[in-house]
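Worksheet: one structure, shown below.
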Amino acid sequence: IGKAVRMEDEGWFDPWLLLTAYRNKIKSLGVEIRHARVRGFQPGKTVVVEDIKTNQTELLHYNKFVNATGIHAKFTNRLLNQVIPPDCRFELPVTPQRNPTFNIACKE
């Protein structure tokens, strides 16, 4: 969720609840969620990427993966671009943003 903005008479939006619902749904569809730091990718002989290197000792071997690394997505994409052919490389327009929220109570 990029940003959540509340306007007058809009109601409430709970981004954490929405993300939890997405996570529960994809888990019910058989998606495995792994919590690890991506350190690199291992190119394959017949596929572009065969394994994912993480900060854990094992190599993750999947035929599909989703870059859901949040504010680190651009860095993860750079690691991927190091091993894929030049004509398949792409950039992600993802940049972290600091969005502070202030709640102010005013009697007047």
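Just so we're on the same page: first chain in the structure tokens is A, next is B, and so on; residues restart at 1 for each chain, and ligands are numbered from 1 in the order they show up.
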
Long-range neighbours of Pro93 (chain A) as an MDAnalysis selection string, 12 Å cut-off, only C-alpha atoms, 3 positions minimum in chain = chainID A and resid 71:75 77:78 90 96

Once you have the residues from the selection above, write them out as an mmCIF file, in the first residue's frame, restricted to C-alpha atoms.
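Writing the result to selection.cif gives the following:
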```
data_model
loop_
_atom_site.group_PDB
_atom_site.id
_atom_site.type_symbol
_atom_site.label_atom_id
_atom_site.label_comp_id
_atom_site.auth_asym_id
_atom_site.auth_seq_id
_atom_site.Cartn_x
_atom_site.Cartn_y
_atom_site.Cartn_z
ATOM 1 C CA ILE A 71 11.463 -0.536 0.469
ATOM 2 C CA HIS A 72 14.291 -2.909 -0.532
ATOM 3 C CA ALA A 73 12.617 -3.851 -3.839
ATOM 4 C CA LYS A 74 14.862 -1.603 -5.922
ATOM 5 C CA PHE A 75 17.999 -3.165 -4.381
ATOM 6 C CA ASN A 77 15.911 -5.762 -8.566
ATOM 7 C CA ARG A 78 19.510 -4.552 -9.015
ATOM 8 C CA PHE A 90 14.274 -3.609 -16.144
ATOM 9 C CA PRO A 96 11.342 4.654 -0.086
#
```

Residues of chain A classed as strand (DSSP E or B) by DSSP on the backbone are to be reported as a JSON list (two decimals) with all heavy atoms, in the first residue's frame.
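Output below, filename result.json:
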```json
[["chain", "number", "residue", "atom", "x", "y", "z"],
["A", 38, "VAL", "N", 17.47, -11.17, 0.69],
["A", 38, "VAL", "CA", 17.99, -11.62, -0.59],
["A", 38, "VAL", "C", 19.42, -11.09, -0.73],
["A", 38, "VAL", "O", 19.67, -9.90, -0.59],
["A", 38, "VAL", "CB", 17.11, -11.13, -1.76],
["A", 38, "VAL", "CG1", 17.72, -11.50, -3.10],
["A", 38, "VAL", "CG2", 15.70, -11.69, -1.63],
["A", 39, "ARG", "N", 20.35, -12.00, -1.03],
["A", 39, "ARG", "CA", 21.76, -11.63, -1.20],
["A", 39, "ARG", "C", 22.21, -11.75, -2.66],
["A", 39, "ARG", "O", 23.27, -11.28, -3.02],
["A", 39, "ARG", "CB", 22.65, -12.51, -0.33],
["A", 39, "ARG", "CG", 22.38, -12.37, 1.14],
["A", 39, "ARG", "CD", 22.87, -11.03, 1.61],
["A", 39, "ARG", "NE", 22.73, -10.94, 3.06],
["A", 39, "ARG", "CZ", 22.47, -9.84, 3.70],
["A", 39, "ARG", "NH1", 22.30, -8.73, 3.04],
["A", 39, "ARG", "NH2", 22.36, -9.83, 4.99],
["A", 40, "GLY", "N", 21.41, -12.41, -3.48],
["A", 40, "GLY", "CA", 21.78, -12.57, -4.88],
["A", 40, "GLY", "C", 20.95, -13.65, -5.55],
["A", 40, "GLY", "O", 20.11, -14.30, -4.92],
["A", 41, "PHE", "N", 21.22, -13.83, -6.83],
["A", 41, "PHE", "CA", 20.49, -14.83, -7.62],
["A", 41, "PHE", "C", 21.50, -15.70, -8.35],
["A", 41, "PHE", "O", 22.56, -15.23, -8.77],
["A", 41, "PHE", "CB", 19.57, -14.14, -8.64],
["A", 41, "PHE", "CG", 18.47, -13.34, -7.99],
["A", 41, "PHE", "CD1", 18.67, -12.01, -7.69],
["A", 41, "PHE", "CD2", 17.27, -13.92, -7.67],
["A", 41, "PHE", "CE1", 17.67, -11.26, -7.09],
["A", 41, "PHE", "CE2", 16.26, -13.20, -7.07],
["A", 41, "PHE", "CZ", 16.47, -11.86, -6.79],
["A", 42, "GLN", "N", 21.17, -16.96, -8.51],
["A", 42, "GLN", "CA", 22.01, -17.90, -9.24],
["A", 42, "GLN", "C", 21.40, -18.12, -10.61],
["A", 42, "GLN", "O", 20.28, -18.60, -10.71],
["A", 42, "GLN", "CB", 22.07, -19.23, -8.47],
["A", 42, "GLN", "CG", 22.97, -20.26, -9.08],
["A", 42, "GLN", "CD", 24.41, -19.90, -8.90],
["A", 42, "GLN", "OE1", 24.80, -19.36, -7.88],
["A", 42, "GLN", "NE2", 25.21, -20.17, -9.90],
["A", 43, "PRO", "N", 22.12, -17.75, -11.69],
["A", 43, "PRO", "CA", 21.56, -17.97, -13.03],
["A", 43, "PRO", "C", 21.44, -19.45, -13.33],
["A", 43, "PRO", "O", 22.24, -20.25, -12.85],
["A", 43, "PRO", "CB", 22.54, -17.27, -13.96],
["A", 43, "PRO", "CG", 23.80, -17.12, -13.18],
["A", 43, "PRO", "CD", 23.43, -17.13, -11.74],
["A", 49, "VAL", "N", 16.75, -17.42, -13.87],
["A", 49, "VAL", "CA", 17.17, -17.52, -12.48],
["A", 49, "VAL", "C", 16.76, -18.88, -11.96],
["A", 49, "VAL", "O", 15.61, -19.28, -12.09],
["A", 49, "VAL", "CB", 16.55, -16.41, -11.61],
["A", 49, "VAL", "CG1", 16.84, -16.64, -10.15],
["A", 49, "VAL", "CG2", 17.03, -15.05, -12.05],
["A", 50, "GLU", "N", 17.73, -19.59, -11.40],
["A", 50, "GLU", "CA", 17.43, -20.92, -10.89],
["A", 50, "GLU", "C", 17.29, -20.93, -9.37],
["A", 50, "GLU", "O", 16.43, -21.61, -8.82],
["A", 50, "GLU", "CB", 18.53, -21.89, -11.31],
["A", 50, "GLU", "CG", 18.17, -23.33, -11.03],
["A", 50, "GLU", "CD", 19.08, -24.27, -11.79],
["A", 50, "GLU", "OE1", 19.56, -23.92, -12.87],
["A", 50, "GLU", "OE2", 19.30, -25.37, -11.28],
["A", 51, "ASP", "N", 18.15, -20.20, -8.69],
["A", 51, "ASP", "CA", 18.15, -20.19, -7.23],
["A", 51, "ASP", "C", 18.24, -18.76, -6.71],
["A", 51, "ASP", "O", 18.79, -17.88, -7.37],
["A", 51, "ASP", "CB", 19.32, -20.99, -6.67],
["A", 51, "ASP", "CG", 19.23, -22.46, -7.02],
["A", 51, "ASP", "OD1", 18.17, -23.05, -6.82],
["A", 51, "ASP", "OD2", 20.24, -23.01, -7.51],
["A", 52, "ILE", "N", 17.74, -18.56, -5.50],
["A", 52, "ILE", "CA", 17.84, -17.28, -4.83],
["A", 52, "ILE", "C", 18.76, -17.47, -3.63],
["A", 52, "ILE", "O", 18.55, -18.35, -2.80],
["A", 52, "ILE", "CB", 16.45, -16.79, -4.36],
["A", 52, "ILE", "CG1", 15.51, -16.66, -5.56],
["A", 52, "ILE", "CG2", 16.57, -15.47, -3.62],
["A", 52, "ILE", "CD1", 14.08, -16.39, -5.18],
["A", 53, "LYS", "N", 19.80, -16.64, -3.54],
["A", 53, "LYS", "CA", 20.71, -16.68, -2.40],
["A", 53, "LYS", "C", 20.17, -15.75, -1.33],
["A", 53, "LYS", "O", 19.78, -14.62, -1.61],
["A", 53, "LYS", "CB", 22.10, -16.20, -2.83],
["A", 53, "LYS", "CG", 22.73, -17.00, -3.93],
["A", 53, "LYS", "CD", 24.01, -16.33, -4.38],
["A", 53, "LYS", "CE", 24.50, -16.94, -5.68],
["A", 53, "LYS", "NZ", 25.66, -16.21, -6.22],
["A", 54, "THR", "N", 20.15, -16.23, -0.09],
["A", 54, "THR", "CA", 19.65, -15.43, 1.02],
["A", 54, "THR", "C", 20.69, -15.38, 2.12],
["A", 54, "THR", "O", 21.75, -15.99, 2.02],
["A", 54, "THR", "CB", 18.33, -15.99, 1.58],
["A", 54, "THR", "OG1", 18.60, -17.23, 2.24],
["A", 54, "THR", "CG2", 17.30, -16.18, 0.50],
["A", 59, "LEU", "N", 19.97, -22.40, -0.47],
["A", 59, "LEU", "CA", 19.55, -21.72, -1.69],
["A", 59, "LEU", "C", 18.08, -22.04, -1.90],
["A", 59, "LEU", "O", 17.65, -23.18, -1.73],
["A", 59, "LEU", "CB", 20.35, -22.22, -2.89],
["A", 59, "LEU", "CG", 21.78, -21.75, -3.01],
["A", 59, "LEU", "CD1", 22.44, -22.41, -4.21],
["A", 59, "LEU", "CD2", 21.87, -20.25, -3.14],
["A", 60, "LEU", "N", 17.30, -21.04, -2.25],
["A", 60, "LEU", "CA", 15.87, -21.26, -2.50],
["A", 60, "LEU", "C", 15.70, -21.55, -3.97],
["A", 60, "LEU", "O", 16.14, -20.79, -4.83],
["A", 60, "LEU", "CB", 15.06, -20.02, -2.09],
["A", 60, "LEU", "CG", 15.25, -19.55, -0.65],
["A", 60, "LEU", "CD1", 14.42, -18.30, -0.40],
["A", 60, "LEU", "CD2", 14.87, -20.64, 0.32],
["A", 61, "HIS", "N", 15.08, -22.66, -4.28],
["A", 61, "HIS", "CA", 14.88, -23.07, -5.66],
["A", 61, "HIS", "C", 13.39, -23.04, -5.99],
["A", 61, "HIS", "O", 12.62, -23.83, -5.48],
["A", 61, "HIS", "CB", 15.44, -24.49, -5.88],
["A", 61, "HIS", "CG", 15.29, -24.97, -7.29],
["A", 61, "HIS", "ND1", 16.06, -24.49, -8.31],
["A", 61, "HIS", "CD2", 14.46, -25.87, -7.84],
["A", 61, "HIS", "CE1", 15.71, -25.08, -9.43],
["A", 61, "HIS", "NE2", 14.74, -25.92, -9.17]]
```

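Remark: for Ile84 (chain A), the closest of the candidate residues A:Val48, A:Val66, A:Leu29, A:Cys106 is A:Val48 (distances computed over only C-alpha atoms).
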
Tell me, in Å to one decimal, how far CA of Thr95 (chain A) is from CA of Asn55 (chain A).
-> 23.0 Å
